[in-house]
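Notes for the one structure printed next.
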Amino acid sequence: MRKFFSSPTAVVGTTLLTIVLFAALFGPLIAPFDPQEFHPVARLQGPSATYWLGTDQFGRDLLSRILNGAPATVSFGLFSTAIGVGVGSVIGVIAGVSGGWVDSTIMRILDGLLAVPDLLFTLLIVTVLGGGMEHALLAVAVAFTPGMARIARSAVLSVRTRDYVRAAVARGESGFYIVTCEVLPNALSPIVVESTIRVSFAIMIGATLGFLGLGAQPPSTEWGLMVSEARQFMFRNPWCVAIPGMSIAMAALGFNLFGDALRDALDPRRSH
Amino acid sequence: MTVSLAPAPTDAASSKEKPALAIRNYSLSYKTDSGLVTALKNIDLTIKKGQTIGLVGESGSGKSSMAWSVMRYLPPNAVETGGAIRLAGEELLDYTQRQMLDIRGSRMAMVFQDPSTSLNPTMRIGEQIAETLMRHRGLSKIEAFAYAEAALARTGITRPKEMLTRYPHEASGGEKQRVVIATAFACEPELIIFDEPTTALDILTARQILDLFNQLREETNVSALYISHDLGLVSRVVDEVSVLHHGVIVESGPVDEVFRRPKADYTRQLIGAVPNPDRWLGVDAPNPPKTLVKLDAIGVQYGAPSKFQKMFWPDDAEKAGYWGAKDVNLTVRKGELLGVVGESGSGKSTIAKVLAGLQDFHGKLEFDGQSITSRKGIDKSYRRRVQLVFQHPDASLNPRQKIGTIIARPLKLYGVVPREKVSARVAELLEMVRLPADFAHRYPHQLSGGQKQRVAIARAFAAEPDLVICDEVTAALDVSVQAAVAELLVKLQKDTGTACVFITHDLNLIRQLAHRIAVMHHGKLVDLFDRDDARSPARDAYTKALLDAVPVPETLAPETITTEA
């Protein structure tokens with residue numbers, strides 16, 4: 001554990017992540033104001049003693065809105081990634097383990113899906129399903145599946161030809177044992193690392209969808225939507241765009257750096 | 001004129017006295033997470049003009065660090081803690097990296113272990129040699145190419161002009177190493193460092209490269225530092241030898257002196273560990289011989305044509321793929337040790353894979369009366385009775401399982417012992433391979449290479465098999481560890497009566513262990529003979545060539561062996 005925190009990446013990543021997760025868990029409880037409460041006399045203000053991070057066009061307290069939006073934004077990233085990684089890994093492991101024509105068929109279909117950029121693919125799905133937080137979440141999960149499947153498959157393939165797996169085959173072990181005890185534990189770390197990094201992408205895509213009006217709907221406090229709503233007043237009070245924008249960046253960076261540090265720490269040969 | 005000549009003789013005399021390379025009291029450490037690790041300690045080494053010094057040591061002894069120190073190309077975490085390295089009297093430690101650029105390649109050159117990675121695959125061979133010449137001797141491109149051709153011709157390449165226009169992948173391993181050597185010699189350097197130049201080559205090619213080295217050395221009178229782990233080989237090429245152990249030179253002197261009358265314990269141990277074909281280690285041959293496994297016309301085709309291909313392009317399909325092994329007929333007797341020898345790509349590992357049920361094959365496999373015609377026909381009881389030990393112990397143990405779990409697996413899988421006795425049996429097995437019982441709680445990466453190989457052997461013997469296939473089990477290990485592992489195998493064979501197929505490229509080692517030796521070449525079995533008949537005139541020409549090519553440690557006089565034994 002001490003080894004993990006010896007790199008600056010890990011320290012910065014973990015710090016950012018702790019702040020973001022704290023906000024996601026306790027944000028609504030510690031918010032000083034009701035996020036939807038209008039303060040008509042204090043519209044579009046900069047940071048002050050009353051409103052720590054300033055107010056938006058309706059005079060709503062930005063800090064309270066950010067804290068209230070944290071659970072929605074972070075859980076969006078986590079859940080969409082979890083679904084995408086789960087489904088993707090299962091497909092990837094099946095392809096990698098079975099090989100042959102099963103592998104070829106699955107991978108050619110996934111290659112086709114991968115040719116469409118993530119965001120475009122998500123937009124396509126949202127257009128078909130209709131807007132809203134749940135649909136956006138599902139769309140991101142579906143968009144992540146092909147990429148994760150490919151990573152899971154390559155992890156499995158690189159392990160499958162190792163001597164210890166061949167030793168298990170030569171021993172006459174069952175296919176189930178080989179996959180669960182020999183292959184998966186060794187293929188897991190690239191999948192875990194990749195999914196941590198993907199949470200940050202999911203948050204960004206979620207914010208983008210919110211910005212485009214396809215994700216969360218007003219008066220939600222989702223961060224992407226906040227940027228979108230405040231865009232018109234950007235020049236009168238830059239704070240109302242910068243604060244949610246920086247929150248998104250902080251969450252994304254936190255997950256990303258943490259994922260990077262995790263990759264270095266998860267290698268069994270480098271721990272201890 | 002006479003006046004100006006006056007100081008000249010003293011100059012000449014002093015430069016004559018100056019050795020090509022002098023290393024004085026040199027120490028080197030590496031900064032790591034666990035503090036400073038000493039790689040070299042108080043090294044003293046002198047190479048006189050025209051002399052070749054051998055530097056012998058096992059992996060981790062610091063011999064490669066020494067090479068890079070002399071070349072002044074150390075990684076950023078290296079800390080030099082004192083000493084001097086002088087090339088013809090000039091202190092290299094004072095030179096900047098920029099100044100070293102002019103020295104490397106022109107006054108000092110290096111020949112690496114693996115010729116396929118030391119040549120740039122995207123450049124023609126001619127350009128690579130000419131580059132050095134143009135850079136250091138200021139030749140024009142045409143002059144450089146002409147010179148490169150001459151340099152190649154000198155290394156015994158038959159059509160040097162053609163070779164210049166080829167890319168590295170169009171040349172064989174031996175040819176590539178000749179090119180690297182030609183490049184090293186191109187600028188007539190004062191010193192050449194050879195870092196295990198024959199380790200990555202086949203026995204026959206290695207022999208030719210050694211001859212070439214000796215010939216070029218006589219022609220050019222170059223000074224050389226020859227780094228190797230192979231004592232037998234070093235004794236053929238060097239004048240003096242230094243033995244490196246944990247970064248300290250434990251002994252140095254003329255090669256005959258060191259090998260005949262080693263003073264340091266470590267040297268003695270190292271020499272004792274060198275396989276000597278006349279020292280028999282194996283168990284008594286089984287009598288009367290009973291057949292355990294019979295390979296009947298076994299063939300393995302890699303890249304076999306698909307049905308689709310056969311249907312539409314029958315002509316191409318016939319040419320597709322190649323035979324990793326073809327028409328191999330071989331028997332393994334109960335309780336014997338059968339050696340299988342061959343160069344890389346000769347099909348010896350293919351045979352191991354067939355026996356272990358890892359490879360589809362043509363032909364018939366008879367095991368203890370049971371006849372098997374395809375890989376799918378191999379059942380679990382066969383798999384229990386035939387176990388495989390792999391070449392690389394790092395790769396054959398699952399890094400996420402503890403040693404105890406790894407060894408216990410065959411016990412549980414085949415139900416060799418009742419469940420409650422598994423851990424006791426694991427401890428017993430560990431003791432059998434001479435490892436402490438508490439190793440059961442460690443992970444593979446906490447063990448050394450030799451220890452890991454012992455674990456792999458324990459796992460194979462845990463199944464109480466009738467046949468253990470050892471696929472180059474000693475190739476990845478150091479000489480002294482190698483000898484210990486070989487002795488361990490023989491001991492286990494003696495205790496359990498298990499038959500063993502020992503696959504290796506080391507003829508000296510196999511002649512110490514095997515009852516019978518099979519020789520493979522290009523996927524075919526070319527020779528099969530009893531150990532005692534190794535030198536009989538009836539041997540196949542290829543076998544003879546192999547036997548002649550192995551550097552039998554000539555200087556190891558019988559007296560050394562007897563004191564060791």
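In the structure tokens, the first chain shown is A, the next is B, and so on; residue numbers restart at 1 for each chain, and ligands run from 1 in the order shown.
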
Residues of chain A that have any atom at most 9 Å from an atom of chain B: could you tabulate them with the shortest-distance atom pair and the distance in Å to one decimal, using only C-alpha atoms, ordered by chain and increasing number, as JSON lines?
```
{"residue": "A:Arg162", "atom": "CA", "partner": "B:Ala395", "partner_atom": "CA", "distance": 6.3}
{"residue": "A:Asp163", "atom": "CA", "partner": "B:Ser396", "partner_atom": "CA", "distance": 4.4}
{"residue": "A:Tyr164", "atom": "CA", "partner": "B:Ser396", "partner_atom": "CA", "distance": 4.1}
{"residue": "A:Val165", "atom": "CA", "partner": "B:Ser396", "partner_atom": "CA", "distance": 7.7}
{"residue": "A:Arg166", "atom": "CA", "partner": "B:Leu358", "partner_atom": "CA", "distance": 7.3}
{"residue": "A:Ala167", "atom": "CA", "partner": "B:Ser396", "partner_atom": "CA", "distance": 6.9}
{"residue": "A:Val169", "atom": "CA", "partner": "B:Leu358", "partner_atom": "CA", "distance": 7.2}
{"residue": "A:Ala170", "atom": "CA", "partner": "B:Ala356", "partner_atom": "CA", "distance": 5.7}
{"residue": "A:Arg171", "atom": "CA", "partner": "B:Arg383", "partner_atom": "CA", "distance": 5.5}
{"residue": "A:Gly172", "atom": "CA", "partner": "B:Lys380", "partner_atom": "CA", "distance": 5.7}
{"residue": "A:Glu173", "atom": "CA", "partner": "B:Leu413", "partner_atom": "CA", "distance": 7.6}
{"residue": "A:Cys181", "atom": "CA", "partner": "B:Gln401", "partner_atom": "CA", "distance": 9.0}
{"residue": "A:Glu182", "atom": "CA", "partner": "B:Asn398", "partner_atom": "CA", "distance": 6.8}
{"residue": "A:Pro185", "atom": "CA", "partner": "B:Arg400", "partner_atom": "CA", "distance": 7.1}
{"residue": "A:Asn186", "atom": "CA", "partner": "B:Arg400", "partner_atom": "CA", "distance": 7.0}
{"residue": "A:Pro268", "atom": "CA", "partner": "B:Pro399", "partner_atom": "CA", "distance": 7.3}
{"residue": "A:Arg269", "atom": "CA", "partner": "B:His445", "partner_atom": "CA", "distance": 6.2}
```

task: From the DSSP assignment of the backbone, select every residue of stretch 24-147 of chain B that is helix (DSSP H, G or I), and format the answer as a VMD selection string.
output: chain B and resid 63 to 71 92 to 94 97 to 103 115 to 118 125 to 137 141 to 147

- prompt: Could you pull out all residues of stretch 48-297 of chain B with a DSSP call of strand (DSSP E) and give them as a ChimeraX atom specification?
  reply: /B:52-56,78-87,90-91,108-111,191-195,223-228,240-245,248-254,291-297

- request: Find the residues near B:Gln97: any atom within 9 Å, counting only C-alpha atoms, skip ones fewer than 2 places away on the same chain, and give them as JSON, numbers by chain.
  value: {"B": [72, 73, 95, 99, 100, 101]}

Serialized selection, C-alpha atoms, as a short mmCIF file (atom, residue, chain, number, x, y, z; two decimals), in the first residue's frame:
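Result written to out-v3.cif:
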```cif
data_model
loop_
_atom_site.label_atom_id
_atom_site.label_comp_id
_atom_site.auth_asym_id
_atom_site.auth_seq_id
_atom_site.Cartn_x
_atom_site.Cartn_y
_atom_site.Cartn_z
CA ARG B 72 29.84 4.40 -20.77
CA TYR B 73 26.19 3.64 -21.45
CA TYR B 95 34.50 11.99 -20.79
CA GLN B 99 32.88 12.80 -26.37
CA MET B 100 32.00 9.14 -25.95
CA LEU B 101 30.04 9.26 -29.21
#
```

- prompt: Counting only C-alpha atoms, what is within 6 Å of A:Leu67, bar same-chain residues fewer than 6 positions away, as an MDAnalysis selection string?
  reply: chainID A and resid 23 27:28

task: Would you work out the distance separating atom CA of B:Val180 from atom CA of B:Phe194, expressed in Å to one decimal?
output: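 Atom CA of B:Phe194 lies 10.6 Å from atom CA of B:Val180.
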
Residues near A:Phe144, cut-off 9 Å, only C-alpha atoms, skip fewer than 3 positions along chain, as a PDB file with N, CA and C atoms, in the first residue's frame:
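Resulting contents of part_39.pdb:
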```pdb
ATOM      1  N   SER A  80     -22.919   3.140 -15.695  1.00  0.00           N
ATOM      2  CA  SER A  80     -22.808   2.856 -17.134  1.00  0.00           C
ATOM      3  C   SER A  80     -21.541   2.057 -17.406  1.00  0.00           C
ATOM      4  N   THR A  81     -20.436   2.394 -16.718  1.00  0.00           N
ATOM      5  CA  THR A  81     -19.201   1.638 -16.925  1.00  0.00           C
ATOM      6  C   THR A  81     -19.378   0.206 -16.443  1.00  0.00           C
ATOM      7  N   ILE A  83     -22.003  -1.676 -16.256  1.00  0.00           N
ATOM      8  CA  ILE A  83     -22.787  -2.486 -17.207  1.00  0.00           C
ATOM      9  C   ILE A  83     -21.951  -2.779 -18.454  1.00  0.00           C
ATOM     10  N   GLY A  84     -21.324  -1.718 -18.987  1.00  0.00           N
ATOM     11  CA  GLY A  84     -20.524  -1.895 -20.206  1.00  0.00           C
ATOM     12  C   GLY A  84     -19.396  -2.888 -20.004  1.00  0.00           C
ATOM     13  N   VAL A  85     -18.673  -2.750 -18.874  1.00  0.00           N
ATOM     14  CA  VAL A  85     -17.544  -3.636 -18.602  1.00  0.00           C
ATOM     15  C   VAL A  85     -18.030  -5.060 -18.379  1.00  0.00           C
ATOM     16  N   GLY A  88     -19.277  -6.452 -21.740  1.00  0.00           N
ATOM     17  CA  GLY A  88     -18.126  -6.524 -22.643  1.00  0.00           C
ATOM     18  C   GLY A  88     -17.158  -7.621 -22.250  1.00  0.00           C
ATOM     19  N   ASP A 118     -17.482   6.508 -30.109  1.00  0.00           N
ATOM     20  CA  ASP A 118     -18.284   6.351 -28.889  1.00  0.00           C
ATOM     21  C   ASP A 118     -19.450   7.340 -28.806  1.00  0.00           C
ATOM     22  N   ALA A 139     -27.158   3.884 -23.077  1.00  0.00           N
ATOM     23  CA  ALA A 139     -26.473   4.153 -24.327  1.00  0.00           C
ATOM     24  C   ALA A 139     -24.960   4.127 -24.134  1.00  0.00           C
ATOM     25  N   VAL A 140     -24.482   4.734 -23.046  1.00  0.00           N
ATOM     26  CA  VAL A 140     -23.040   4.734 -22.785  1.00  0.00           C
ATOM     27  C   VAL A 140     -22.563   3.301 -22.554  1.00  0.00           C
ATOM     28  N   ALA A 141     -23.344   2.532 -21.791  1.00  0.00           N
ATOM     29  CA  ALA A 141     -22.966   1.142 -21.532  1.00  0.00           C
ATOM     30  C   ALA A 141     -22.835   0.366 -22.832  1.00  0.00           C
ATOM     31  N   GLY A 147     -15.497  -2.052 -27.036  1.00  0.00           N
ATOM     32  CA  GLY A 147     -14.123  -1.756 -26.631  1.00  0.00           C
ATOM     33  C   GLY A 147     -13.680  -2.639 -25.481  1.00  0.00           C
ATOM     34  N   MET A 148     -14.549  -2.800 -24.495  1.00  0.00           N
ATOM     35  CA  MET A 148     -14.198  -3.628 -23.346  1.00  0.00           C
ATOM     36  C   MET A 148     -14.043  -5.086 -23.758  1.00  0.00           C
ATOM     37  N   ALA A 149     -14.904  -5.523 -24.668  1.00  0.00           N
ATOM     38  CA  ALA A 149     -14.821  -6.914 -25.128  1.00  0.00           C
ATOM     39  C   ALA A 149     -13.460  -7.152 -25.768  1.00  0.00           C
ATOM     40  N   ARG A 198     -12.235   4.189 -17.809  1.00  0.00           N
ATOM     41  CA  ARG A 198     -13.459   4.411 -18.600  1.00  0.00           C
ATOM     42  C   ARG A 198     -14.527   5.179 -17.826  1.00  0.00           C
ATOM     43  N   ALA A 202     -17.035   7.976 -19.257  1.00  0.00           N
ATOM     44  CA  ALA A 202     -18.485   7.900 -19.104  1.00  0.00           C
ATOM     45  C   ALA A 202     -19.016   9.200 -18.516  1.00  0.00           C
TER      46      ALA A 202
END
```

- request: Counting only C-alpha atoms, figure out which residue out of A:Leu262, A:Leu123, A:Val11, A:Ala136 gets nearest to A:Ser195.
  value: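 Looking only at the distances to A:Ser195, the closest residue turns out to be A:Leu262.
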
field: Within 10 Å of B:Cys500 using only C-alpha atoms, minus same-chain residues under 4 positions, as a VMD selection string
entry: chain B and resid 332 to 339 386 to 388 465 to 470 489 to 490 493 514

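Note that atom CA of B:Tyr147 and atom CA of B:Ile129 are 9.1 Å apart.
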
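Minimum distance to B:Asp471 across B:Gly363, B:Gly415, B:Gly342, B:Pro286 (counting only C-alpha atoms) occurs at B:Gly342.
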
- request: Excluding A:Ile203 and any residue of its chain fewer than 6 positions from it, enumerate the residues within 9 Å of it, using only C-alpha atoms, and give them as an MDAnalysis selection string.
  value: chainID A and resid 73:78 248 251:252

Suppose we keep N, CA and C atoms; can you now write the selection as a PDB file, in the first residue's frame?
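Result file follows (part-v3.pdb):
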```pdb
ATOM      1  N   THR A  73     -24.135  12.591 -11.251  1.00  0.00           N
ATOM      2  CA  THR A  73     -23.045  12.549 -12.228  1.00  0.00           C
ATOM      3  C   THR A  73     -22.136  11.349 -12.000  1.00  0.00           C
ATOM      4  N   VAL A  74     -21.705  11.160 -10.730  1.00  0.00           N
ATOM      5  CA  VAL A  74     -20.753  10.082 -10.453  1.00  0.00           C
ATOM      6  C   VAL A  74     -21.405   8.718 -10.636  1.00  0.00           C
ATOM      7  N   SER A  75     -22.654   8.581 -10.147  1.00  0.00           N
ATOM      8  CA  SER A  75     -23.286   7.263 -10.287  1.00  0.00           C
ATOM      9  C   SER A  75     -23.553   6.949 -11.756  1.00  0.00           C
ATOM     10  N   PHE A  76     -23.815   8.007 -12.536  1.00  0.00           N
ATOM     11  CA  PHE A  76     -23.975   7.788 -13.977  1.00  0.00           C
ATOM     12  C   PHE A  76     -22.722   7.144 -14.542  1.00  0.00           C
ATOM     13  N   GLY A  77     -21.553   7.731 -14.195  1.00  0.00           N
ATOM     14  CA  GLY A  77     -20.270   7.187 -14.683  1.00  0.00           C
ATOM     15  C   GLY A  77     -20.061   5.768 -14.208  1.00  0.00           C
ATOM     16  N   LEU A  78     -20.301   5.529 -12.927  1.00  0.00           N
ATOM     17  CA  LEU A  78     -20.011   4.211 -12.364  1.00  0.00           C
ATOM     18  C   LEU A  78     -20.925   3.137 -12.936  1.00  0.00           C
ATOM     19  N   ILE A 248     -16.491  18.520 -13.491  1.00  0.00           N
ATOM     20  CA  ILE A 248     -16.426  17.380 -14.426  1.00  0.00           C
ATOM     21  C   ILE A 248     -14.978  16.980 -14.644  1.00  0.00           C
ATOM     22  N   ALA A 251     -13.544  15.146 -11.561  1.00  0.00           N
ATOM     23  CA  ALA A 251     -14.012  13.767 -11.435  1.00  0.00           C
ATOM     24  C   ALA A 251     -13.317  12.877 -12.466  1.00  0.00           C
ATOM     25  N   ALA A 252     -13.274  13.365 -13.703  1.00  0.00           N
ATOM     26  CA  ALA A 252     -12.673  12.565 -14.779  1.00  0.00           C
ATOM     27  C   ALA A 252     -11.197  12.333 -14.502  1.00  0.00           C
TER      28      ALA A 252
END
```

- prompt: Of the candidates A:Gly96, A:Pro219, A:Gly259, A:Pro8, which shows the shortest atom-to-atom distance to A:Pro35, using only C-alpha atoms?
  reply: A:Pro219

- prompt: How far is it from atom CA of A:Ala261 to atom CA of A:Arg160, in Å with one decimal?
  reply: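 Atom-to-atom, atom CA of A:Ala261 to atom CA of A:Arg160, that is 25.8 Å.
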